[in-house]
Amino acid sequence: MSDQTQEPGPQTPIINVASPPFDDLTGNVVLRTSDNVDFYLHKVILSLASPVLKDMFGLPQPSTLLQDGQEGQRETPVISISEDSRTLDNMMRFCYPCDEPALENLNDVQRVIQAMEKYDMTEAGKRVRRMLVKPVFLEKEPLRVFIIAYCSKMEDEARLAARSILRFPIKGQYAEELQDIPASVYYHLLDYHDRCGQAASGLFPNLTWVQKQNWVWFGCSQCPANYYGALLADGVETRASNWFKEYIERAAKALKARPHPTVVSCPELMEFAFKEIATCRSRGGACGYSGFAQLLSFSKSVFEKEVERVTSEVN
Ligand SMILES: [Zn+2]
């Protein structure tokens, strides 16, 4: 925002001009934001993006005199809107031929979504939807993403967010926007979380989803091992290194509170296992040499997929 376009009078607020590219004085309409910033825009672009604005252009609008160095003075309609300049700048970057805004926080995303709904900007709105479910938002603030999606009737995005909420214990999550959703919706969210925890619990103690194959912890001669009591996929009970047994038990406990696939390879679980594997290595055991790589492979390619499978069946 830069130049003033008019001198402030006793009652006149200071009006600033928007940052490029929305300071183009060849624009044939001005949108004036709630914080008094004038965006010089083009009716044809706005009309294509928003039927609401298109209709508005058909109505008589108050005009302001615009100083134009080459053409002298001409009148440009000025439309005051309730959005602030940050929101309008973000919105227009979805409509004009320029880079889309990064939208680095959820407040910005929410304001743009709400404004685009108001102006019925369907096509641009689809691109903002994709930003709402960026991994960074889903991983850090899934409850807020869920609420924003729910309030804007974005069913697919709300489902994605509900799954991401499984990363955390449900009772530890809070967002001010909770007041925007009915208690019944929150109840269903709690229930969904609980049922996913129950589904994940069904993976234990009989690991019927694990092929014995060549996982080293089922055959290490140097690790303390006990009958795990686990009936594997090939229908046998087998001995397993104690560290693997404890890894599974810790994972089962974690999944009950946080039934999300990534939990089984979270740092606290893996660090514990890796310490035990290092101890086996000091004894010259087989786990010590290939256990590290195998556990990574097991957690990612088998365990996570199984948690994903059983929780994705929960509606
Ligand atoms: Zn071992």
# chains A, B, ... in the order shown; residues from 1 in each chain; ligands from 1

call {"tool": "residues_around", "arguments": {"residues": "region 234-241 of chain A", "least_positions_apart": "6", "cutoff": "9 Å", "atoms": "only C-alpha atoms", "output": "PyMOL selection string"}}
result
chain A and resi 206+208+210-212+216-228+287

call {"tool": "select_by_dssp", "arguments": {"residues": "region 87-307 of chain A", "states": "strand (DSSP E)", "output": "NGL selection string"}}
result
:A and (225-231 or 237-241)

call {"tool": "write_last_selection", "arguments": {"atoms": "N, CA and C atoms", "output": "mmCIF file, in the first residue's frame"}}
result
data_model
loop_
_atom_site.group_PDB
_atom_site.id
_atom_site.type_symbol
_atom_site.label_atom_id
_atom_site.label_comp_id
_atom_site.auth_asym_id
_atom_site.auth_seq_id
_atom_site.Cartn_x
_atom_site.Cartn_y
_atom_site.Cartn_z
ATOM 1 N N ALA A 225 14.166 -63.477 24.589
ATOM 2 C CA ALA A 225 12.932 -63.636 23.809
ATOM 3 C C ALA A 225 11.941 -64.486 24.584
ATOM 4 N N ASN A 226 10.694 -64.245 24.330
ATOM 5 C CA ASN A 226 9.641 -65.017 24.979
ATOM 6 C C ASN A 226 8.559 -65.301 23.973
ATOM 7 N N TYR A 227 7.740 -66.313 24.298
ATOM 8 C CA TYR A 227 6.557 -66.491 23.469
ATOM 9 C C TYR A 227 5.729 -65.226 23.589
ATOM 10 N N TYR A 228 5.490 -64.663 22.488
ATOM 11 C CA TYR A 228 4.732 -63.418 22.476
ATOM 12 C C TYR A 228 3.257 -63.725 22.654
ATOM 13 N N GLY A 229 2.900 -64.962 22.351
ATOM 14 C CA GLY A 229 1.489 -65.299 22.414
ATOM 15 C C GLY A 229 0.748 -64.786 21.199
ATOM 16 N N ALA A 230 1.516 -64.343 20.210
ATOM 17 C CA ALA A 230 0.868 -63.767 19.030
ATOM 18 C C ALA A 230 0.694 -64.825 17.959
ATOM 19 N N LEU A 231 -0.522 -64.933 17.491
ATOM 20 C CA LEU A 231 -0.799 -65.853 16.402
ATOM 21 C C LEU A 231 -0.599 -65.082 15.101
ATOM 22 N N GLU A 237 2.104 -69.591 16.754
ATOM 23 C CA GLU A 237 2.603 -68.752 17.829
ATOM 24 C C GLU A 237 4.113 -68.813 17.751
ATOM 25 N N THR A 238 4.741 -67.723 18.077
ATOM 26 C CA THR A 238 6.198 -67.738 17.896
ATOM 27 C C THR A 238 6.876 -66.940 18.990
ATOM 28 N N ARG A 239 8.166 -67.139 19.092
ATOM 29 C CA ARG A 239 8.951 -66.335 20.014
ATOM 30 C C ARG A 239 9.367 -65.060 19.295
ATOM 31 N N ALA A 240 9.468 -63.987 20.066
ATOM 32 C CA ALA A 240 9.913 -62.724 19.485
ATOM 33 C C ALA A 240 10.860 -62.056 20.471
ATOM 34 N N SER A 241 11.822 -61.332 19.964
ATOM 35 C CA SER A 241 12.716 -60.569 20.837
ATOM 36 C C SER A 241 11.875 -59.682 21.745
#

call {"tool": "residues_around", "arguments": {"residues": "region 181-194 of chain A", "least_positions_apart": "6", "cutoff": "10 Å", "atoms": "only C-alpha atoms", "output": "VMD selection string"}}
result
chain A and resid 143 146 to 148 150 to 151 162 to 163 165 to 171 200 256 to 260 311 314 to 315

call {"tool": "closest_residue", "arguments": {"among": "A:Ala49, A:Ala251, A:Ala278, A:Met92", "to": "Pro20 (chain A)", "atoms": "only C-alpha atoms"}}
result
A:Met92

call {"tool": "closest_residue", "arguments": {"among": "A:Ile113, A:Pro77, A:Arg129, A:Glu313", "to": "Glu155 (chain A)", "atoms": "only C-alpha atoms"}}
result
A:Arg129

call {"tool": "closest_residue", "arguments": {"among": "A:Ile248, A:Val37, A:Ala175, A:Ala149", "to": "Pro205 (chain A)", "atoms": "only C-alpha atoms"}}
result
A:Ile248

call {"tool": "residues_around", "arguments": {"residues": "Leu295 (chain A)", "least_positions_apart": "4", "cutoff": "12 Å", "atoms": "only C-alpha atoms", "output": "number ranges by chain"}}
result
A: 214-217, 243-244, 247-248, 264-265, 269-274, 276-277, 287-291, 299-304

call {"tool": "select_by_dssp", "arguments": {"residues": "region 111-295 of chain A", "states": "alpha helix (DSSP H)", "output": "ChimeraX atom specification"}}
result
/A:111-118,122-132,135-140,142-151,155-165,183-201,242-257,267-282,286-295

call {"tool": "residues_around", "arguments": {"residues": "Cys98 (chain A)", "least_positions_apart": "3", "cutoff": "12 Å", "atoms": "only C-alpha atoms", "output": "list in words"}}
result
Pro20, Pro21, Phe22, Asp89, Asn90, Met91, Met92, Arg93, Phe94, Cys95 and Pro101 of chain A

call {"tool": "atom_distance", "arguments": {"atom1": "CA of Leu48 (chain A)", "atom2": "CA of Val145 (chain A)"}}
result
28.5 Å

call {"tool": "residues_around", "arguments": {"residues": "region 51-54 of chain A", "least_positions_apart": "3", "cutoff": "7 Å", "atoms": "only C-alpha atoms", "output": "PyMOL selection string"}}
result
chain A and resi 46-47+57-58+119-120

call {"tool": "atom_distance", "arguments": {"atom1": "CA of Val44 (chain A)", "atom2": "CA of Arg111 (chain A)"}}
result
23.8 Å

call {"tool": "residues_around", "arguments": {"residues": "Phe39 (chain A)", "least_positions_apart": "2", "cutoff": "12 Å", "atoms": "only C-alpha atoms", "output": "PyMOL selection string"}}
result
chain A and resi 1-2+5+15-37+41-43+46+76-81+83-92

call {"tool": "atom_distance", "arguments": {"atom1": "CA of Leu203 (chain A)", "atom2": "CA of Arg250 (chain A)"}}
result
12.9 Å

call {"tool": "closest_residue", "arguments": {"among": "A:Ala293, A:Val307, A:Ala286, A:Leu138", "to": "ligand 1", "atoms": "only C-alpha atoms and all ligand atoms"}}
result
A:Ala286

call {"tool": "closest_residue", "arguments": {"among": "A:Ser312, A:Ser297, A:Gln198, A:Ser282", "to": "ligand 1", "atoms": "only C-alpha atoms and all ligand atoms"}}
result
A:Ser282

call {"tool": "decode", "arguments": {"residues": "region 230-279 of chain A", "atoms": "N, CA and C atoms", "output": "tab-separated table (two decimals), in the first residue's frame"}}
result
chain	number	residue	atom	x	y	z
A	230	ALA	N	1.52	-64.34	20.21
A	230	ALA	CA	0.87	-63.77	19.03
A	230	ALA	C	0.69	-64.83	17.96
A	231	LEU	N	-0.52	-64.93	17.49
A	231	LEU	CA	-0.80	-65.85	16.40
A	231	LEU	C	-0.60	-65.08	15.10
A	232	LEU	N	0.43	-65.40	14.38
A	232	LEU	CA	0.76	-64.64	13.18
A	232	LEU	C	-0.11	-65.08	12.00
A	233	ALA	N	0.13	-64.42	10.87
A	233	ALA	CA	-0.71	-64.68	9.70
A	233	ALA	C	-0.60	-66.12	9.21
A	234	ASP	N	0.56	-66.72	9.48
A	234	ASP	CA	0.71	-68.11	9.05
A	234	ASP	C	0.22	-69.10	10.10
A	235	GLY	N	-0.48	-68.59	11.10
A	235	GLY	CA	-1.18	-69.46	12.04
A	235	GLY	C	-0.31	-70.09	13.11
A	236	VAL	N	0.83	-69.47	13.40
A	236	VAL	CA	1.70	-70.04	14.43
A	236	VAL	C	1.94	-69.03	15.55
A	237	GLU	N	2.10	-69.59	16.75
A	237	GLU	CA	2.60	-68.75	17.83
A	237	GLU	C	4.11	-68.81	17.75
A	238	THR	N	4.74	-67.72	18.08
A	238	THR	CA	6.20	-67.74	17.90
A	238	THR	C	6.88	-66.94	18.99
A	239	ARG	N	8.17	-67.14	19.09
A	239	ARG	CA	8.95	-66.34	20.01
A	239	ARG	C	9.37	-65.06	19.30
A	240	ALA	N	9.47	-63.99	20.07
A	240	ALA	CA	9.91	-62.72	19.49
A	240	ALA	C	10.86	-62.06	20.47
A	241	SER	N	11.82	-61.33	19.96
A	241	SER	CA	12.72	-60.57	20.84
A	241	SER	C	11.87	-59.68	21.74
A	242	ASN	N	12.31	-59.61	23.01
A	242	ASN	CA	11.50	-58.84	23.97
A	242	ASN	C	11.29	-57.40	23.55
A	243	TRP	N	12.30	-56.82	22.91
A	243	TRP	CA	12.15	-55.41	22.53
A	243	TRP	C	11.03	-55.23	21.51
A	244	PHE	N	10.88	-56.22	20.61
A	244	PHE	CA	9.81	-56.11	19.62
A	244	PHE	C	8.44	-56.24	20.30
A	245	LYS	N	8.38	-57.17	21.25
A	245	LYS	CA	7.13	-57.34	22.01
A	245	LYS	C	6.75	-56.02	22.69
A	246	GLU	N	7.76	-55.37	23.29
A	246	GLU	CA	7.45	-54.12	23.98
A	246	GLU	C	7.10	-53.00	23.00
A	247	TYR	N	7.79	-53.00	21.85
A	247	TYR	CA	7.45	-52.01	20.82
A	247	TYR	C	5.97	-52.15	20.42
A	248	ILE	N	5.54	-53.40	20.21
A	248	ILE	CA	4.15	-53.64	19.81
A	248	ILE	C	3.20	-53.20	20.92
A	249	GLU	N	3.54	-53.54	22.16
A	249	GLU	CA	2.65	-53.17	23.28
A	249	GLU	C	2.56	-51.66	23.44
A	250	ARG	N	3.70	-50.98	23.29
A	250	ARG	CA	3.68	-49.51	23.37
A	250	ARG	C	2.87	-48.92	22.22
A	251	ALA	N	3.03	-49.50	21.04
A	251	ALA	CA	2.28	-49.01	19.87
A	251	ALA	C	0.78	-49.21	20.10
A	252	ALA	N	0.40	-50.36	20.67
A	252	ALA	CA	-1.03	-50.63	20.91
A	252	ALA	C	-1.61	-49.59	21.87
A	253	LYS	N	-0.84	-49.27	22.91
A	253	LYS	CA	-1.31	-48.28	23.89
A	253	LYS	C	-1.42	-46.89	23.23
A	254	ALA	N	-0.42	-46.54	22.43
A	254	ALA	CA	-0.44	-45.23	21.77
A	254	ALA	C	-1.61	-45.13	20.79
A	255	LEU	N	-1.86	-46.22	20.06
A	255	LEU	CA	-2.92	-46.19	19.05
A	255	LEU	C	-4.31	-46.05	19.66
A	256	LYS	N	-4.47	-46.52	20.87
A	256	LYS	CA	-5.79	-46.41	21.50
A	256	LYS	C	-6.16	-44.93	21.69
A	257	ALA	N	-5.16	-44.14	22.05
A	257	ALA	CA	-5.41	-42.70	22.24
A	257	ALA	C	-5.26	-41.91	20.95
A	258	ARG	N	-4.40	-42.41	20.06
A	258	ARG	CA	-4.11	-41.68	18.81
A	258	ARG	C	-4.11	-42.67	17.65
A	259	PRO	N	-5.26	-43.07	17.19
A	259	PRO	CA	-5.33	-44.16	16.20
A	259	PRO	C	-5.03	-43.72	14.77
A	260	HIS	N	-3.89	-43.09	14.60
A	260	HIS	CA	-3.48	-42.62	13.27
A	260	HIS	C	-2.27	-43.44	12.81
A	261	PRO	N	-2.20	-43.80	11.52
A	261	PRO	CA	-1.11	-44.67	11.06
A	261	PRO	C	0.29	-44.19	11.45
A	262	THR	N	0.53	-42.89	11.37
A	262	THR	CA	1.89	-42.40	11.62
A	262	THR	C	2.35	-42.60	13.05
A	263	VAL	N	1.43	-42.89	13.95
A	263	VAL	CA	1.79	-43.05	15.36
A	263	VAL	C	2.75	-44.22	15.57
A	264	VAL	N	2.64	-45.26	14.75
A	264	VAL	CA	3.48	-46.45	14.98
A	264	VAL	C	4.94	-46.22	14.63
A	265	SER	N	5.21	-45.13	13.93
A	265	SER	CA	6.62	-44.81	13.67
A	265	SER	C	6.99	-43.45	14.26
A	266	CYS	N	6.26	-43.05	15.30
A	266	CYS	CA	6.56	-41.76	15.94
A	266	CYS	C	7.90	-41.86	16.68
A	267	PRO	N	8.57	-40.74	16.88
A	267	PRO	CA	9.93	-40.76	17.43
A	267	PRO	C	10.04	-41.49	18.77
A	268	GLU	N	9.07	-41.30	19.68
A	268	GLU	CA	9.25	-41.92	21.00
A	268	GLU	C	9.24	-43.45	20.93
A	269	LEU	N	8.43	-43.99	20.02
A	269	LEU	CA	8.41	-45.45	19.86
A	269	LEU	C	9.68	-45.95	19.18
A	270	MET	N	10.11	-45.26	18.15
A	270	MET	CA	11.27	-45.71	17.40
A	270	MET	C	12.54	-45.55	18.21
A	271	GLU	N	12.64	-44.47	18.97
A	271	GLU	CA	13.86	-44.25	19.76
A	271	GLU	C	14.04	-45.38	20.77
A	272	PHE	N	12.93	-45.76	21.40
A	272	PHE	CA	13.00	-46.86	22.36
A	272	PHE	C	13.52	-48.13	21.67
A	273	ALA	N	12.93	-48.46	20.52
A	273	ALA	CA	13.30	-49.69	19.82
A	273	ALA	C	14.76	-49.64	19.37
A	274	PHE	N	15.17	-48.49	18.88
A	274	PHE	CA	16.54	-48.40	18.37
A	274	PHE	C	17.57	-48.57	19.49
A	275	LYS	N	17.26	-48.11	20.69
A	275	LYS	CA	18.18	-48.32	21.82
A	275	LYS	C	18.32	-49.81	22.11
A	276	GLU	N	17.18	-50.51	22.07
A	276	GLU	CA	17.21	-51.95	22.34
A	276	GLU	C	17.97	-52.69	21.24
A	277	ILE	N	17.80	-52.24	20.02
A	277	ILE	CA	18.50	-52.86	18.89
A	277	ILE	C	20.01	-52.66	19.03
A	278	ALA	N	20.39	-51.47	19.50
A	278	ALA	CA	21.82	-51.20	19.70
A	278	ALA	C	22.39	-52.13	20.76
A	279	THR	N	21.60	-52.43	21.80
A	279	THR	CA	22.05	-53.35	22.85
A	279	THR	C	22.28	-54.73	22.25
